[in-house]
Amino acid sequence: DDTEFISSSCLLVSNEKVSLVFGMDSGRVLCYEFRLECTKQKSVSQDDDDNCWKMFCNKDPVKNDPWEPLPLEKIDIEDNFNNGTIRKDEERFSFTPQAGVGDIRTLGDFVWILYANGSIVRVPKWRFFPSSCSNKFAGSLKCARVMDNANPEIVPLPYHNASLFASPSTNENGNNVDQKFLEALSYGGHKDRSLVFYSTEDNCVRDSAESKSAEFYYTNMAINTTKNVVKGALGAVRMLGAGWHRNNLIGSSGINDDPPDVLNPLNKGYSGKEPQILGETSAFLDNPRRITSVTVDPSGKVIATADSLGRVMCVDLESKQVVRMWKGFRDAECFWIQIPRDRDLSPALYIVIYARQRRVVEVYRMRHGPRVKSISVGRNAQIVQSKKRVTGINYALAACFILEQSEKSSATPSFFPIVIENEEAGSNLSTQVGGVTGKNSTVHLQLLRQLLSSDTTLNISTQVVYDALVQIPSLSDLSDALDLLATSSHMESKLGVHGSEFHVEVIAYATTKVQHVLQEEGSTLAQNPHVDALRLKIKFHQKIIDSYNFISNFDAGGVSDEEDEVASFRTPWAIEAIGWMDAYEKVSNESIDAEVPSIDTLYFSSFAKACVEEEGIALGATPSEGPKIHLCDSTKGRRAVLIHIFRPLVHDVFVFKVTNSIFECMGIDDDIQLLQKYFGEWYMSLPGKVAANASLFGVWCPILKWLQDLVAKDIARNSEQNIRLATLYDFCRSCDDLPRAFLLAATCREAVAICSKQKEEQTYGQVLSSEALLPWDQLLRKLRVLQLVSLRLYNVLSNQFPLTVSNVEAGDIFSVYHWLAKDELLQSHRQDDIVALEQSIRMSDKSFNPSTARGDSTSHWKALQKFCIAGSSRDSLLLYFPDHNQPMKLAAHRALLLGGMWGRKPGSLHLLKNAVSALRSLSGGEDLHWSIISAVRLELWQVHIRPVYRAIFFGFDDVSELSEDIMMPLCLNNDWLRGLSKIANEVLGLIESIDETDRTTNLESCEGEAGTNFSDGWSLNHENDFFLLNICKRTPVMERSALELHRGIVAALLFCDNLELISQCLPATDDIFLRSSLFTGVDDSTIEQNGRMNVVDEILLKKAQQVKTPVNFTQLNKIIELGERWGIPSVTICTRFVLAIYRVGKDAMVEDALSDDSQLDVEFFVKSGVEVASVRLHVLVGTLKRVRKLRPILAQLDADTCEWSKQMAEESQHLQEYSQLVGADPPSLAMTHEFLMRLVQFSFMMGPNNRADAEMAGALSAFSDSLIKLMHKHDQEERRITI
């Protein structure tokens, strides 16, 4: 049909039947059953004592049509109604999960089917063999689902390992009867949890519906173990470990046609109920450890995990605790092997760890046993987990096979088992280490390892070691012993072995051993892969010995490594290279040879450890030359060897061919690319002056002569190649040691020049030397530019990425404008100063591009070196980048750099002010697009300013960018906060000032815009600045309403220091001042307008207290702007400000402002003014009451007016703040009466609906007038009595 096969598994029962199971993306599971015909043949491995079975499948399956082992949606379950397992009113669940099959795993006695929606189905194995099943489904089917939206890898667990809080899972006989629980684990999908366990137990960490609401979607459809199968050898068959189990469910006789009850643990028909939800029970919180693979052991008691930190852990599934850990296994996979023991004991369990990076397979006895086997394998080796039948045991054991095939060879792949000898049978060791002898080859190899161990306490000799070697009968173990003896430092440090002398005897014995085996066995073992492997191993070690002897003989010659005096130079590039080295030492104040490794004695074991066989030599291949020797992948591991191999090149020309002889012994003398790679690494380890003398100074330059031979070979092989010494060319491009890279490039150029000129003469001009030199000339000029930048910005250049030609030309790592902006800030932070500097450089006649031929002039490159040595006090780096003198782009980078500098020194607000000055200078045009300008302004706000306000209002818990210890004291400083708000308000204003159409214009219109190209040198992408373009591309479309909301709160902090009051203006959802707040919009419907009005009143009251001159409403422009953002009309703000003036008792300051009633809300002014006047009169009356002789006056006032005035004043909030606002000089009765007269005057402009406020104003005015008259009359009587 049209469905796609995405997963497979292979089920083998006894030696009779095999079922191939296929999972489809439609959710269906199909299988085909085959019969097996088995024959026996002798094993090709001397390690395996058992006979090997060869099994051949019949061509046709048992049934031509695919068998579906699972019930479908339309299955007839009438029988289930009849037997009572399903009630008719019970809701039934469609069996097939609505997702494709993600994986099929064979664990224990069941097949586990994992679906893409997180569903897990457990089915007994016998269900997949149609010859043993009926069409009616009646089996132990269990369904479950893991609800997890983190997309992890799901691994079902074959047995339930109950926690301490779970009910018992065994009966009185100790048998496992727990069938209602299911368990699983996941890995790889959670950032904070490396391993998560799930179960149907009631004691989960939290309810599954609460913990994970979304369904789990299986995104990784890859079959974990199909990568262990080589195409063409085993096809798409997949074998997973099953092995020994708690219940012996499948006997040696195969599957019966009528399965007994033991094969049907539930013994119920399919119920059709909803799947059980697996909830989270426990987890490993071990960030940043990331589990990469999980393997369940055959008994279901432990799991083995490999992780990203190079660790392998064994976890006990019952206690959920790590019981063992191995280190140093990066890119590892784990497998299992079982070895039979006594009848009353369960099989011994071993873990097989395959470290791909180290290309080694190691086997350890579980749980805390030693390592029992170590096997070196090729890069393309695979481990296949399978099962193995053992005579006398009626169940299968887990077994592992190594499958290996060369990438280059088309021979049949090697396929052999990993054999673990019975440790109990060979538990006695030789008397040399404790007592007894053993026949076992692995025991003898282990004995040899113990003798050569660095921590051994045995008093041994080379003869003892040799005797232990002779006792090893297995050819494969003898091959391992050769590697062990060659790489053992114990032979030289403890036993006094000199060089390769002992290993020569070892190789002689191994050669004799192979000849003896072939003579005894004849042609039957001539094609034995172990014999072939040992032959290749002997040739490999013989080459190691020959190569090492050349090195040791040269070192023994006593050639001195002292530096000779500098002779005459061969090329001007040599003098420039020496000049750059001197400039580096003066700028950095350290020697260029500070990290040069010393030359120590090279021991044979160290050399052998660094040697590896060439990839592609497969078992069975016997080339006459033997395998080629390459050096190990580790640069550090091969450095010491390279120093000794190339050491003859730093001496006279008569011994430099020793290096070629060494490479001939290694078999790689014709591998030009590899030799260039090794040469480049060695050259970087040379002292600078030594490298220069041996390369470009004097008549005899051995390094130059060696490179000439390399170039000659290169030309002879490929005369049309564009770049000679291409590997060294790429090496120089990617080298971050710029002075040495420049010297190496100059040396290569000279070698190419000599050979290409000879070739030009031989071809009469058909091959031009200038064409061969052009790439090297361009590379040297690029290296000159980078040295200029690195030395000029030595203390300020970031070390995140190495400064190399390849990284610069990548176009997305370094920005030249970023370099130039940093250099400009070394001169000044002020925008005006930098603009003047750029203009002066633009008119300077000293400006030139060092990447052009003009920079090759001696006076010019010397000027560059002096410029670097002089430091920031002299000129500017922009002088040598004329193409990049583009003010807008430079200003954008300066703004971001100054923002970063302020982030590191937040107390220095002048840095942020200078950043805003740079932003203010940006204008759209050909030099810089408006969309980039908007993005840069947003970047300054988002990265540097926004987090401060988030921390101010919501604390530092979710603001990881800021240090609370540094920022908290600053945030509590009102002056600093007010200064920051002023700058932030301006930044938001600059963002708001850009038109929306300019901000959303397609970026393609601004890519490619450029200034004038003044030169033909290294362009350094001066047209498009990736740094600014990336900022623009990652900036979403901004919501204008969100910007206004943020700007309003920042503006409020300019006038108000009361953070608690301003917090009333924040949304209730707390989604403000987040990184996404300006782009997703903020719900301001939850903000109460009264809170904003309270803030405005606070601001106006504070400003009223500061008033010292007559009020002019133009003083309120910024507050009016804030009010407009908050939906508060300007007349409301002006009216409230006038009332604030009256509240503080400065009535005289508003006389002129009241002449223009068009800016006032008359009704609100009269209503609120009556309240302010009543407070004044209430306080004045209270003062009069305290004077006894004035009390009669109060008795003459209108009692009703006095009473409701008192009530109004006591209910007013102004009464509490009155004495604090007016201070020691409260407004007089005459001022209050004049204020009331003004209210009466304004009341005539009010409509009929507000007559109550007008009447109250008139009543208070009459009350104050009466009080003034009575006070005046009392004063006259007092004067008359006095007279």
# chains A, B, ... in the order shown; residues from 1 in each chain; ligands from 1
call {"tool": "residues_around", "arguments": {"residues": "His1272 in chain A", "least_positions_apart": "5", "cutoff": "12 Å", "atoms": "only C-alpha atoms", "output": "PyMOL selection string"}}
result
chain A and resi 1190+1193+1229-1230+1265-1267+1277-1279
call {"tool": "write_last_selection", "arguments": {"atoms": "N, CA and C atoms", "output": "PDB file, in the first residue's frame"}}
result
ATOM      1  N   LEU A1190     -11.505  84.460  70.960  1.00  0.00           N
ATOM      2  CA  LEU A1190     -12.080  84.483  69.618  1.00  0.00           C
ATOM      3  C   LEU A1190     -13.254  83.540  69.473  1.00  0.00           C
ATOM      4  N   ILE A1193     -16.668  84.834  68.341  1.00  0.00           N
ATOM      5  CA  ILE A1193     -16.819  85.143  66.913  1.00  0.00           C
ATOM      6  C   ILE A1193     -17.410  83.944  66.179  1.00  0.00           C
ATOM      7  N   LEU A1229      -6.618  83.896  55.735  1.00  0.00           N
ATOM      8  CA  LEU A1229      -8.061  83.875  55.485  1.00  0.00           C
ATOM      9  C   LEU A1229      -8.412  84.688  54.257  1.00  0.00           C
ATOM     10  N   ALA A1230      -7.688  85.781  54.035  1.00  0.00           N
ATOM     11  CA  ALA A1230      -7.951  86.620  52.870  1.00  0.00           C
ATOM     12  C   ALA A1230      -7.630  85.865  51.569  1.00  0.00           C
ATOM     13  N   ASP A1265     -16.539  85.377  53.984  1.00  0.00           N
ATOM     14  CA  ASP A1265     -16.745  86.826  54.032  1.00  0.00           C
ATOM     15  C   ASP A1265     -17.240  87.242  55.406  1.00  0.00           C
ATOM     16  N   SER A1266     -18.163  86.461  55.990  1.00  0.00           N
ATOM     17  CA  SER A1266     -18.668  86.763  57.333  1.00  0.00           C
ATOM     18  C   SER A1266     -17.543  86.656  58.355  1.00  0.00           C
ATOM     19  N   LEU A1267     -16.733  85.645  58.197  1.00  0.00           N
ATOM     20  CA  LEU A1267     -15.629  85.458  59.143  1.00  0.00           C
ATOM     21  C   LEU A1267     -14.627  86.604  59.051  1.00  0.00           C
ATOM     22  N   GLU A1277     -12.490  96.488  67.959  1.00  0.00           N
ATOM     23  CA  GLU A1277     -12.821  96.565  69.377  1.00  0.00           C
ATOM     24  C   GLU A1277     -11.578  96.369  70.240  1.00  0.00           C
ATOM     25  N   GLU A1278     -10.724  95.501  69.819  1.00  0.00           N
ATOM     26  CA  GLU A1278      -9.485  95.280  70.574  1.00  0.00           C
ATOM     27  C   GLU A1278      -8.629  96.540  70.578  1.00  0.00           C
ATOM     28  N   ARG A1279      -8.575  97.253  69.467  1.00  0.00           N
ATOM     29  CA  ARG A1279      -7.768  98.480  69.406  1.00  0.00           C
ATOM     30  C   ARG A1279      -8.397  99.584  70.271  1.00  0.00           C
TER      31      ARG A1279
END
call {"tool": "residues_around", "arguments": {"residues": "Ala1153 in chain A", "least_positions_apart": "5", "cutoff": "10 Å", "atoms": "only C-alpha atoms", "output": "list in words"}}
result
Pro1110, Val1111, Asn1112, Phe1113, Cys1134, Val1138, Gln1159 and Leu1160 of chain A
call {"tool": "residues_around", "arguments": {"residues": "Ala468 in chain A", "least_positions_apart": "2", "cutoff": "8 Å", "atoms": "only C-alpha atoms", "output": "PyMOL selection string"}}
result
chain A and resi 444-445+447-448+464-466+470-472
call {"tool": "write_last_selection", "arguments": {"atoms": "N, CA, C and O atoms", "output": "mmCIF file, in the first residue's frame"}}
result
data_model
loop_
_atom_site.group_PDB
_atom_site.id
_atom_site.type_symbol
_atom_site.label_atom_id
_atom_site.label_comp_id
_atom_site.auth_asym_id
_atom_site.auth_seq_id
_atom_site.Cartn_x
_atom_site.Cartn_y
_atom_site.Cartn_z
ATOM 1 N N HIS A 444 46.132 -15.352 29.985
ATOM 2 C CA HIS A 444 47.545 -15.046 29.755
ATOM 3 C C HIS A 444 47.715 -13.610 29.289
ATOM 4 O O HIS A 444 48.695 -12.930 29.660
ATOM 5 N N LEU A 445 46.807 -13.147 28.466
ATOM 6 C CA LEU A 445 46.876 -11.744 28.042
ATOM 7 C C LEU A 445 46.660 -10.822 29.230
ATOM 8 O O LEU A 445 47.321 -9.785 29.366
ATOM 9 N N LEU A 447 47.397 -11.552 32.261
ATOM 10 C CA LEU A 447 48.634 -11.648 33.035
ATOM 11 C C LEU A 447 49.687 -10.695 32.485
ATOM 12 O O LEU A 447 50.374 -9.997 33.242
ATOM 13 N N LEU A 448 49.810 -10.652 31.175
ATOM 14 C CA LEU A 448 50.777 -9.745 30.558
ATOM 15 C C LEU A 448 50.430 -8.289 30.875
ATOM 16 O O LEU A 448 51.326 -7.477 31.130
ATOM 17 N N VAL A 464 60.725 -12.497 32.030
ATOM 18 C CA VAL A 464 59.397 -12.853 32.535
ATOM 19 C C VAL A 464 58.326 -12.346 31.581
ATOM 20 O O VAL A 464 57.343 -13.050 31.284
ATOM 21 N N VAL A 465 58.511 -11.133 31.094
ATOM 22 C CA VAL A 465 57.545 -10.578 30.147
ATOM 23 C C VAL A 465 57.525 -11.403 28.870
ATOM 24 O O VAL A 465 56.457 -11.718 28.313
ATOM 25 N N TYR A 466 58.678 -11.772 28.394
ATOM 26 C CA TYR A 466 58.756 -12.568 27.165
ATOM 27 C C TYR A 466 58.097 -13.932 27.353
ATOM 28 O O TYR A 466 57.378 -14.418 26.467
ATOM 29 N N VAL A 470 54.963 -15.660 25.304
ATOM 30 C CA VAL A 470 55.027 -16.954 24.627
ATOM 31 C C VAL A 470 53.860 -17.849 25.039
ATOM 32 O O VAL A 470 53.401 -18.699 24.262
ATOM 33 N N GLN A 471 53.321 -17.652 26.257
ATOM 34 C CA GLN A 471 52.239 -18.488 26.753
ATOM 35 C C GLN A 471 50.893 -18.175 26.107
ATOM 36 O O GLN A 471 49.926 -18.890 26.326
ATOM 37 N N ILE A 472 50.803 -17.119 25.337
ATOM 38 C CA ILE A 472 49.525 -16.736 24.722
ATOM 39 C C ILE A 472 49.314 -17.559 23.464
ATOM 40 O O ILE A 472 50.059 -17.437 22.491
#
call {"tool": "select_by_dssp", "arguments": {"residues": "range 270-430 of chain A", "states": "strand (DSSP E)", "output": "number ranges by chain"}}
result
A: 276-284, 291-296, 302-307, 311-316, 321-327, 332-339, 348-355, 360-365, 371-376, 382-388, 397-404, 414-417
call {"tool": "atom_distance", "arguments": {"atom1": "CA of Gly1091 in chain A", "atom2": "CA of Ser1063 in chain A"}}
result
8.4 Å
